>>> print(open('work_16.cif').read())   # mmCIF, C-alpha atoms; chains and numbers go by the auth columns
data_my_file
loop_
_atom_site.group_PDB
_atom_site.id
_atom_site.type_symbol
_atom_site.label_atom_id
_atom_site.label_comp_id
_atom_site.label_asym_id
_atom_site.label_seq_id
_atom_site.Cartn_x
_atom_site.Cartn_y
_atom_site.Cartn_z
_atom_site.B_iso_or_equiv
_atom_site.auth_seq_id
_atom_site.auth_asym_id
ATOM 1 C CA MET A 1 111.788 166.337 24.348 0.00 21 A
ATOM 2 C CA GLU A 2 112.220 162.681 23.438 0.00 22 A
ATOM 3 C CA SER A 3 115.856 162.604 24.480 0.00 23 A
ATOM 4 C CA THR A 4 114.915 163.867 27.961 0.00 24 A
ATOM 5 C CA SER A 5 112.314 161.140 28.505 0.00 25 A
ATOM 6 C CA LEU A 6 114.765 158.570 27.148 0.00 26 A
ATOM 7 C CA GLY A 7 117.392 159.891 29.570 0.00 27 A
ATOM 8 C CA ILE A 8 115.031 159.634 32.538 0.00 28 A
ATOM 9 C CA GLY A 9 113.890 156.140 31.511 0.00 29 A
ATOM 10 C CA GLY A 10 117.451 154.953 31.005 0.00 30 A
ATOM 11 C CA ALA A 11 118.547 156.444 34.313 0.00 31 A
ATOM 12 C CA LEU A 12 115.580 154.790 36.033 0.00 32 A
ATOM 13 C CA ILE A 13 116.790 151.405 34.788 0.00 33 A
ATOM 14 C CA PHE A 14 120.232 152.101 36.266 0.00 34 A
ATOM 15 C CA PHE A 15 118.662 153.135 39.574 0.00 35 A
ATOM 16 C CA ILE A 16 116.532 149.976 39.727 0.00 36 A
ATOM 17 C CA ILE A 17 119.597 147.824 39.075 0.00 37 A
ATOM 18 C CA ALA A 18 121.507 149.764 41.768 0.00 38 A
ATOM 19 C CA LEU A 19 118.648 149.177 44.211 0.00 39 A
ATOM 20 C CA PHE A 20 118.789 145.453 43.445 0.00 40 A
ATOM 21 C CA PHE A 21 122.568 145.348 44.106 0.00 41 A
ATOM 22 C CA PHE A 22 122.075 147.343 47.300 0.00 42 A
ATOM 23 C CA VAL A 23 119.382 145.031 48.705 0.00 43 A
ATOM 24 C CA ILE A 24 121.402 141.901 47.940 0.00 44 A
ATOM 25 C CA GLY A 25 124.469 143.603 49.457 0.00 45 A
ATOM 26 C CA LEU A 26 122.520 144.324 52.645 0.00 46 A
ATOM 27 C CA ILE A 27 121.446 140.690 52.906 0.00 47 A
ATOM 28 C CA VAL A 28 125.014 139.469 52.442 0.00 48 A
ATOM 29 C CA PHE A 29 126.317 142.065 54.909 0.00 49 A
ATOM 30 C CA SER A 30 123.751 141.018 57.530 0.00 50 A
ATOM 31 C CA ASN A 31 125.062 137.450 57.205 0.00 51 A
ATOM 32 C CA PHE A 32 128.589 138.790 57.822 0.00 52 A
ATOM 33 C CA ARG A 33 127.410 140.642 60.937 0.00 53 A
ATOM 34 C CA ARG A 34 125.494 137.635 62.274 0.00 54 A
ATOM 35 C CA LEU A 35 128.493 135.324 61.950 0.00 55 A
ATOM 36 C CA GLY A 36 130.827 138.031 63.230 0.00 56 A
ATOM 37 C CA LYS A 37 128.788 138.506 66.410 0.00 57 A
ATOM 38 C CA ILE A 38 129.106 134.827 67.203 0.00 58 A
ATOM 39 C CA LEU A 39 132.799 134.552 66.334 0.00 59 A
ATOM 40 C CA ASN A 40 133.660 137.742 68.245 0.00 60 A
ATOM 41 C CA ARG A 41 132.201 136.179 71.378 0.00 61 A
ATOM 42 C CA ALA A 42 134.217 132.962 71.018 0.00 62 A
ATOM 43 C CA HIS A 43 136.453 133.920 73.945 0.00 63 A
ATOM 44 C CA GLU A 44 133.340 133.844 76.187 0.00 64 A
ATOM 45 C CA MET A 45 132.462 130.279 75.143 0.00 65 A
ATOM 46 C CA THR A 46 133.703 128.398 78.165 0.00 66 A
ATOM 47 C CA GLY A 47 130.884 125.857 78.277 0.00 67 A
ATOM 48 C CA VAL A 48 131.466 122.603 76.401 0.00 68 A
ATOM 49 C CA THR A 49 128.953 119.886 75.566 0.00 69 A
ATOM 50 C CA LYS A 50 128.373 117.206 72.961 0.00 70 A
ATOM 51 C CA GLY A 51 125.926 117.889 70.190 0.00 71 A
ATOM 52 C CA THR A 52 124.417 115.502 67.691 0.00 72 A
ATOM 53 C CA ILE A 53 123.044 115.936 64.210 0.00 73 A
ATOM 54 C CA SER A 54 119.293 115.933 64.727 0.00 74 A
ATOM 55 C CA GLU A 55 118.382 116.882 61.180 0.00 75 A
ATOM 56 C CA VAL A 56 120.023 117.066 57.781 0.00 76 A
ATOM 57 C CA VAL A 57 118.531 119.800 55.604 0.00 77 A
ATOM 58 C CA THR A 58 118.617 119.134 51.871 0.00 78 A
ATOM 59 C CA VAL A 59 119.302 122.049 49.529 0.00 79 A
ATOM 60 C CA ARG A 60 118.802 121.778 45.778 0.00 80 A
ATOM 61 C CA ARG A 61 121.476 123.322 43.595 0.00 81 A
ATOM 62 C CA ARG A 62 121.865 123.586 39.853 0.00 82 A
ATOM 63 C CA ASN A 63 123.855 125.171 37.109 0.00 83 A
ATOM 64 C CA ARG A 64 123.323 125.172 33.356 0.00 84 A
ATOM 65 C CA SER A 65 124.155 121.501 32.923 0.00 85 A
ATOM 66 C CA PHE A 66 123.553 119.718 36.205 0.00 86 A
ATOM 67 C CA ARG A 67 121.268 119.515 39.202 0.00 87 A
ATOM 68 C CA TRP A 68 122.388 118.113 42.516 0.00 88 A
ATOM 69 C CA LYS A 69 121.501 118.127 46.181 0.00 89 A
ATOM 70 C CA ASN A 70 123.660 119.432 48.983 0.00 90 A
ATOM 71 C CA GLU A 71 122.928 119.305 52.678 0.00 91 A
ATOM 72 C CA TYR A 72 123.838 120.974 55.931 0.00 92 A
ATOM 73 C CA PRO A 73 123.453 119.717 59.490 0.00 93 A
ATOM 74 C CA VAL A 74 121.282 120.943 62.321 0.00 94 A
ATOM 75 C CA ILE A 75 123.062 120.241 65.609 0.00 95 A
ATOM 76 C CA SER A 76 121.077 119.695 68.811 0.00 96 A
ATOM 77 C CA TYR A 77 122.648 119.956 72.237 0.00 97 A
ATOM 78 C CA GLN A 78 121.548 120.288 75.843 0.00 98 A
ATOM 79 C CA VAL A 79 122.633 122.723 78.530 0.00 99 A
ATOM 80 C CA ASN A 80 121.238 122.396 82.058 0.00 100 A
ATOM 81 C CA GLY A 81 118.465 120.117 80.816 0.00 101 A
ATOM 82 C CA LYS A 82 117.248 122.554 78.133 0.00 102 A
ATOM 83 C CA ALA A 83 117.494 121.637 74.449 0.00 103 A
ATOM 84 C CA TYR A 84 119.099 123.981 71.898 0.00 104 A
ATOM 85 C CA THR A 85 119.705 123.723 68.165 0.00 105 A
ATOM 86 C CA THR A 86 121.957 125.482 65.718 0.00 106 A
ATOM 87 C CA ARG A 87 121.635 125.427 61.932 0.00 107 A
ATOM 88 C CA LEU A 88 125.012 125.223 60.198 0.00 108 A
ATOM 89 C CA GLU A 89 124.010 126.576 56.781 0.00 109 A
ATOM 90 C CA PHE A 90 127.599 127.608 56.079 0.00 110 A
ATOM 91 C CA ALA A 91 128.709 123.942 56.383 0.00 111 A
ATOM 92 C CA GLU A 92 126.875 122.871 53.226 0.00 112 A
ATOM 93 C CA LYS A 93 128.374 119.760 51.602 0.00 113 A
ATOM 94 C CA ARG A 94 127.440 117.205 48.971 0.00 114 A
ATOM 95 C CA ARG A 95 124.617 114.877 49.861 0.00 115 A
ATOM 96 C CA GLY A 96 125.673 111.917 51.982 0.00 116 A
ATOM 97 C CA LYS A 97 128.361 113.772 53.966 0.00 117 A
ATOM 98 C CA TYR A 98 126.349 114.069 57.190 0.00 118 A
ATOM 99 C CA GLU A 99 124.662 111.273 59.098 0.00 119 A
ATOM 100 C CA LEU A 100 121.933 111.650 61.688 0.00 120 A
ATOM 101 C CA GLY A 101 123.307 111.130 65.178 0.00 121 A
ATOM 102 C CA GLY A 102 126.854 112.243 64.314 0.00 122 A
ATOM 103 C CA SER A 103 128.556 113.684 67.417 0.00 123 A
ATOM 104 C CA TYR A 104 130.288 117.090 67.594 0.00 124 A
ATOM 105 C CA THR A 105 131.816 119.286 70.285 0.00 125 A
ATOM 106 C CA VAL A 106 129.771 122.431 70.929 0.00 126 A
ATOM 107 C CA ARG A 107 131.229 125.428 72.760 0.00 127 A
ATOM 108 C CA TYR A 108 128.716 127.883 74.178 0.00 128 A
ATOM 109 C CA ILE A 109 128.433 130.901 76.451 0.00 129 A
ATOM 110 C CA PRO A 110 127.142 129.705 79.837 0.00 130 A
ATOM 111 C CA SER A 111 124.922 132.784 80.273 0.00 131 A
ATOM 112 C CA ASP A 112 123.627 132.539 76.662 0.00 132 A
ATOM 113 C CA PRO A 113 123.658 128.890 75.493 0.00 133 A
ATOM 114 C CA ASP A 114 122.015 129.832 72.166 0.00 134 A
ATOM 115 C CA CYS A 115 125.303 131.513 71.181 0.00 135 A
ATOM 116 C CA CYS A 116 127.554 128.634 70.242 0.00 136 A
ATOM 117 C CA VAL A 117 130.251 127.413 67.886 0.00 137 A
ATOM 118 C CA VAL A 118 130.666 123.816 66.783 0.00 138 A
ATOM 119 C CA ASP A 119 134.416 123.189 66.937 0.00 139 A
ATOM 120 C CA GLU A 120 134.597 121.099 63.782 0.00 140 A
ATOM 121 C CA PHE A 121 132.907 123.843 61.738 0.00 141 A
ATOM 122 C CA ARG A 122 134.688 126.921 63.126 0.00 142 A
ATOM 123 C CA LYS A 123 136.947 127.308 60.061 0.00 143 A
ATOM 124 C CA ALA A 124 133.968 126.975 57.704 0.00 144 A
ATOM 125 C CA MET A 125 132.168 129.617 59.750 0.00 145 A
ATOM 126 C CA GLN A 126 135.168 131.952 59.515 0.00 146 A
ATOM 127 C CA ARG A 127 135.453 131.378 55.750 0.00 147 A
ATOM 128 C CA SER A 128 131.751 132.105 55.342 0.00 148 A
ATOM 129 C CA ARG A 129 132.102 135.338 57.319 0.00 149 A
ATOM 130 C CA THR A 130 135.061 136.431 55.164 0.00 150 A
ATOM 131 C CA SER A 131 133.244 135.509 51.942 0.00 151 A
ATOM 132 C CA SER A 132 130.196 137.471 53.076 0.00 152 A
ATOM 133 C CA LEU A 133 132.294 140.560 53.717 0.00 153 A
ATOM 134 C CA ILE A 134 134.009 140.318 50.333 0.00 154 A
ATOM 135 C CA GLY A 135 130.662 139.738 48.599 0.00 155 A
ATOM 136 C CA ALA A 136 129.062 142.702 50.364 0.00 156 A
ATOM 137 C CA VAL A 137 131.943 145.006 49.415 0.00 157 A
ATOM 138 C CA ILE A 138 131.752 143.907 45.775 0.00 158 A
ATOM 139 C CA LEU A 139 127.975 144.398 45.682 0.00 159 A
ATOM 140 C CA PHE A 140 128.263 147.858 47.244 0.00 160 A
ATOM 141 C CA ILE A 141 130.907 148.783 44.651 0.00 161 A
ATOM 142 C CA PHE A 142 128.513 147.598 41.912 0.00 162 A
ATOM 143 C CA THR A 143 125.785 149.700 43.547 0.00 163 A
ATOM 144 C CA PHE A 144 127.984 152.801 43.566 0.00 164 A
ATOM 145 C CA ASN A 145 129.118 152.298 39.959 0.00 165 A
ATOM 146 C CA THR A 146 125.565 151.715 38.770 0.00 166 A
ATOM 147 C CA LEU A 147 124.344 154.849 40.546 0.00 167 A
ATOM 148 C CA ILE A 148 127.136 156.911 38.989 0.00 168 A
ATOM 149 C CA SER A 149 126.272 155.449 35.567 0.00 169 A
ATOM 150 C CA GLY A 150 122.609 156.330 36.092 0.00 170 A
ATOM 151 C CA VAL A 151 123.417 159.902 37.089 0.00 171 A
ATOM 152 C CA SER A 152 125.784 160.388 34.150 0.00 172 A
ATOM 153 C CA PHE A 153 123.210 158.841 31.797 0.00 173 A
ATOM 154 C CA LEU A 154 120.566 161.209 33.158 0.00 174 A
ATOM 155 C CA PHE A 155 122.652 164.362 32.813 0.00 175 A
ATOM 156 C CA PHE A 156 124.935 163.589 29.893 0.00 176 A
ATOM 157 C CA GLY A 157 122.711 161.257 27.868 0.00 177 A
#
>>> encode(input="work_16.cif", output="structure tokens")
Amino acid sequence: MESTSLGIGGALIFFIIALFFFVIGLIVFSNFRRLGKILNRAHEMTGVTKGTISEVVTVRRRNRSFRWKNEYPVISYQVNGKAYTTRLEFAEKRRGKYELGGSYTVRYIPSDPDCCVVDEFRKAMQRSRTSSLIGAVILFIFTFNTLISGVSFLFFG
């Protein structure tokens, strides 16, 4: 009787870990899809305007030994007198890299000016999309392996 309850408890731990991997994988995959939607519409981006850094967002990072601050820019631009902004979270760099008022070329879809790509950050955006896909695949593989381990632990102890 004890071995059965131990098997169920052990399997439950595996299933909880698998759920954790799955949720994180979904978040990473949604980032891949979001960036992919924008990059897949790049051929429609015939509108060009100048954008400026209106805000620099500070992000705190740390590892076991050090703490530091990174930042990413928020670019503001105007189309037909209406103001738009885009947050370039994938362009995170060490603090001091970006200055308020810095000028960048923004390409946008004339019918949907919210959908844009900042030319200078296109490669970083593509790298982020690729990294998100690789991360999601790895997390889903971990999820699958953890589920299989939980099932085998449940049935074979």
>>> residues_around(input="work_16.cif", residues="Ala156 (chain A)", least_positions_apart="4", cutoff="9 Å", atoms="all atoms listed in the file", output="PyMOL selection string")
chain A and resi 42+44-49+52+151-152+160-161
>>> atom_distance(input="work_16.cif", atom1="CA of Gly101 (chain A)", atom2="CA of Val137 (chain A)")
19.0 Å
>>> atom_distance(input="work_16.cif", atom1="CA of Ile129 (chain A)", atom2="CA of Thr69 (chain A)")
11.1 Å
>>> residues_around(input="work_16.cif", residues="region 73-79 of chain A", least_positions_apart="4", cutoff="12 Å", atoms="only C-alpha atoms", output="PyMOL selection string")
chain A and resi 87-97+103-126+138
>>> resolve_selection(input="work_16.cif", expression="the PyMOL selection byres ((chain A and resi 55) around 12)", output="ChimeraX atom specification")
/A:48-54,56-62,108-110,135-137,142-153
>>> resolve_selection(input="work_16.cif", expression="the PyMOL selection byres ((chain A and resi 162) around 12)", output="list in words")
Phe34, Phe35, Ile37, Ala38, Leu39, Phe40, Phe41, Phe42, Val43, Ile44, Gly45, Gly155, Ala156, Val157, Ile158, Leu159, Phe160, Ile161, Thr163, Phe164, Asn165, Thr166, Leu167, Ile168 and Ser169 of chain A
>>> atom_distance(input="work_16.cif", atom1="CA of Lys102 (chain A)", atom2="CA of Glu64 (chain A)")
19.8 Å
>>> closest_residue(input="work_16.cif", among="A:Ile36, A:Arg81, A:Gly71, A:Ala31", to="Asp139 (chain A)", atoms="only C-alpha atoms")
A:Gly71
>>> closest_residue(input="work_16.cif", among="A:Phe175, A:Asp134, A:Gly30, A:Ile154", to="Val99 (chain A)", atoms="all atoms listed in the file")
A:Asp134
>>> build_atoms(input="work_16.cif", residues="region 124-153 of chain A", atoms="N, CA and C atoms", output="PDB file, in the frame of the given file")
ATOM      1  N   TYR A 124     129.396 115.949  67.753  1.00  0.00           N
ATOM      2  CA  TYR A 124     130.288 117.090  67.594  1.00  0.00           C
ATOM      3  C   TYR A 124     130.438 117.829  68.917  1.00  0.00           C
ATOM      4  N   THR A 125     131.574 118.482  69.098  1.00  0.00           N
ATOM      5  CA  THR A 125     131.816 119.286  70.285  1.00  0.00           C
ATOM      6  C   THR A 125     131.241 120.683  70.066  1.00  0.00           C
ATOM      7  N   VAL A 126     130.411 121.123  71.003  1.00  0.00           N
ATOM      8  CA  VAL A 126     129.771 122.431  70.929  1.00  0.00           C
ATOM      9  C   VAL A 126     130.298 123.285  72.080  1.00  0.00           C
ATOM     10  N   ARG A 127     130.801 124.460  71.743  1.00  0.00           N
ATOM     11  CA  ARG A 127     131.229 125.428  72.760  1.00  0.00           C
ATOM     12  C   ARG A 127     130.176 126.533  72.803  1.00  0.00           C
ATOM     13  N   TYR A 128     129.788 126.907  74.017  1.00  0.00           N
ATOM     14  CA  TYR A 128     128.716 127.883  74.178  1.00  0.00           C
ATOM     15  C   TYR A 128     129.043 128.827  75.323  1.00  0.00           C
ATOM     16  N   ILE A 129     128.304 129.930  75.366  1.00  0.00           N
ATOM     17  CA  ILE A 129     128.433 130.901  76.451  1.00  0.00           C
ATOM     18  C   ILE A 129     127.493 130.457  77.565  1.00  0.00           C
ATOM     19  N   PRO A 130     127.999 130.205  78.758  1.00  0.00           N
ATOM     20  CA  PRO A 130     127.142 129.705  79.837  1.00  0.00           C
ATOM     21  C   PRO A 130     125.919 130.585  80.122  1.00  0.00           C
ATOM     22  N   SER A 131     126.061 131.895  80.013  1.00  0.00           N
ATOM     23  CA  SER A 131     124.922 132.784  80.273  1.00  0.00           C
ATOM     24  C   SER A 131     123.989 132.908  79.071  1.00  0.00           C
ATOM     25  N   ASP A 132     124.420 132.454  77.899  1.00  0.00           N
ATOM     26  CA  ASP A 132     123.627 132.539  76.662  1.00  0.00           C
ATOM     27  C   ASP A 132     123.895 131.295  75.812  1.00  0.00           C
ATOM     28  N   PRO A 133     123.344 130.138  76.189  1.00  0.00           N
ATOM     29  CA  PRO A 133     123.658 128.890  75.493  1.00  0.00           C
ATOM     30  C   PRO A 133     123.244 128.849  74.017  1.00  0.00           C
ATOM     31  N   ASP A 134     122.372 129.768  73.594  1.00  0.00           N
ATOM     32  CA  ASP A 134     122.015 129.832  72.166  1.00  0.00           C
ATOM     33  C   ASP A 134     123.206 130.265  71.314  1.00  0.00           C
ATOM     34  N   CYS A 135     124.117 131.026  71.886  1.00  0.00           N
ATOM     35  CA  CYS A 135     125.303 131.513  71.181  1.00  0.00           C
ATOM     36  C   CYS A 135     126.387 130.447  71.291  1.00  0.00           C
ATOM     37  N   CYS A 136     126.617 129.752  70.188  1.00  0.00           N
ATOM     38  CA  CYS A 136     127.554 128.634  70.242  1.00  0.00           C
ATOM     39  C   CYS A 136     128.354 128.530  68.952  1.00  0.00           C
ATOM     40  N   VAL A 137     129.435 127.753  69.041  1.00  0.00           N
ATOM     41  CA  VAL A 137     130.251 127.413  67.886  1.00  0.00           C
ATOM     42  C   VAL A 137     130.515 125.917  67.970  1.00  0.00           C
ATOM     43  N   VAL A 138     130.330 125.233  66.861  1.00  0.00           N
ATOM     44  CA  VAL A 138     130.666 123.816  66.783  1.00  0.00           C
ATOM     45  C   VAL A 138     132.117 123.751  66.326  1.00  0.00           C
ATOM     46  N   ASP A 139     132.969 123.171  67.185  1.00  0.00           N
ATOM     47  CA  ASP A 139     134.416 123.189  66.937  1.00  0.00           C
ATOM     48  C   ASP A 139     134.799 122.747  65.527  1.00  0.00           C
ATOM     49  N   GLU A 140     134.222 121.671  65.068  1.00  0.00           N
ATOM     50  CA  GLU A 140     134.597 121.099  63.782  1.00  0.00           C
ATOM     51  C   GLU A 140     134.236 122.001  62.596  1.00  0.00           C
ATOM     52  N   PHE A 141     133.354 122.969  62.825  1.00  0.00           N
ATOM     53  CA  PHE A 141     132.907 123.843  61.738  1.00  0.00           C
ATOM     54  C   PHE A 141     133.350 125.295  61.921  1.00  0.00           C
ATOM     55  N   ARG A 142     134.238 125.553  62.865  1.00  0.00           N
ATOM     56  CA  ARG A 142     134.688 126.921  63.126  1.00  0.00           C
ATOM     57  C   ARG A 142     135.365 127.525  61.899  1.00  0.00           C
ATOM     58  N   LYS A 143     136.252 126.773  61.241  1.00  0.00           N
ATOM     59  CA  LYS A 143     136.947 127.308  60.061  1.00  0.00           C
ATOM     60  C   LYS A 143     135.965 127.609  58.927  1.00  0.00           C
ATOM     61  N   ALA A 144     134.981 126.729  58.734  1.00  0.00           N
ATOM     62  CA  ALA A 144     133.968 126.975  57.704  1.00  0.00           C
ATOM     63  C   ALA A 144     133.162 128.233  58.034  1.00  0.00           C
ATOM     64  N   MET A 145     132.900 128.435  59.314  1.00  0.00           N
ATOM     65  CA  MET A 145     132.168 129.617  59.750  1.00  0.00           C
ATOM     66  C   MET A 145     132.994 130.877  59.489  1.00  0.00           C
ATOM     67  N   GLN A 146     134.293 130.816  59.766  1.00  0.00           N
ATOM     68  CA  GLN A 146     135.168 131.952  59.515  1.00  0.00           C
ATOM     69  C   GLN A 146     135.288 132.241  58.018  1.00  0.00           C
ATOM     70  N   ARG A 147     135.387 131.187  57.208  1.00  0.00           N
ATOM     71  CA  ARG A 147     135.453 131.378  55.750  1.00  0.00           C
ATOM     72  C   ARG A 147     134.163 132.009  55.230  1.00  0.00           C
ATOM     73  N   SER A 148     133.035 131.555  55.770  1.00  0.00           N
ATOM     74  CA  SER A 148     131.751 132.105  55.342  1.00  0.00           C
ATOM     75  C   SER A 148     131.636 133.581  55.708  1.00  0.00           C
ATOM     76  N   ARG A 149     132.119 133.931  56.902  1.00  0.00           N
ATOM     77  CA  ARG A 149     132.102 135.338  57.319  1.00  0.00           C
ATOM     78  C   ARG A 149     132.964 136.178  56.382  1.00  0.00           C
ATOM     79  N   THR A 150     134.159 135.700  56.054  1.00  0.00           N
ATOM     80  CA  THR A 150     135.061 136.431  55.164  1.00  0.00           C
ATOM     81  C   THR A 150     134.452 136.558  53.768  1.00  0.00           C
ATOM     82  N   SER A 151     133.884 135.474  53.262  1.00  0.00           N
ATOM     83  CA  SER A 151     133.244 135.509  51.942  1.00  0.00           C
ATOM     84  C   SER A 151     132.075 136.483  51.919  1.00  0.00           C
ATOM     85  N   SER A 152     131.320 136.536  53.001  1.00  0.00           N
ATOM     86  CA  SER A 152     130.196 137.471  53.076  1.00  0.00           C
ATOM     87  C   SER A 152     130.676 138.910  53.037  1.00  0.00           C
ATOM     88  N   LEU A 153     131.767 139.202  53.732  1.00  0.00           N
ATOM     89  CA  LEU A 153     132.294 140.560  53.717  1.00  0.00           C
ATOM     90  C   LEU A 153     132.777 140.938  52.314  1.00  0.00           C
TER      91      LEU A 153
END
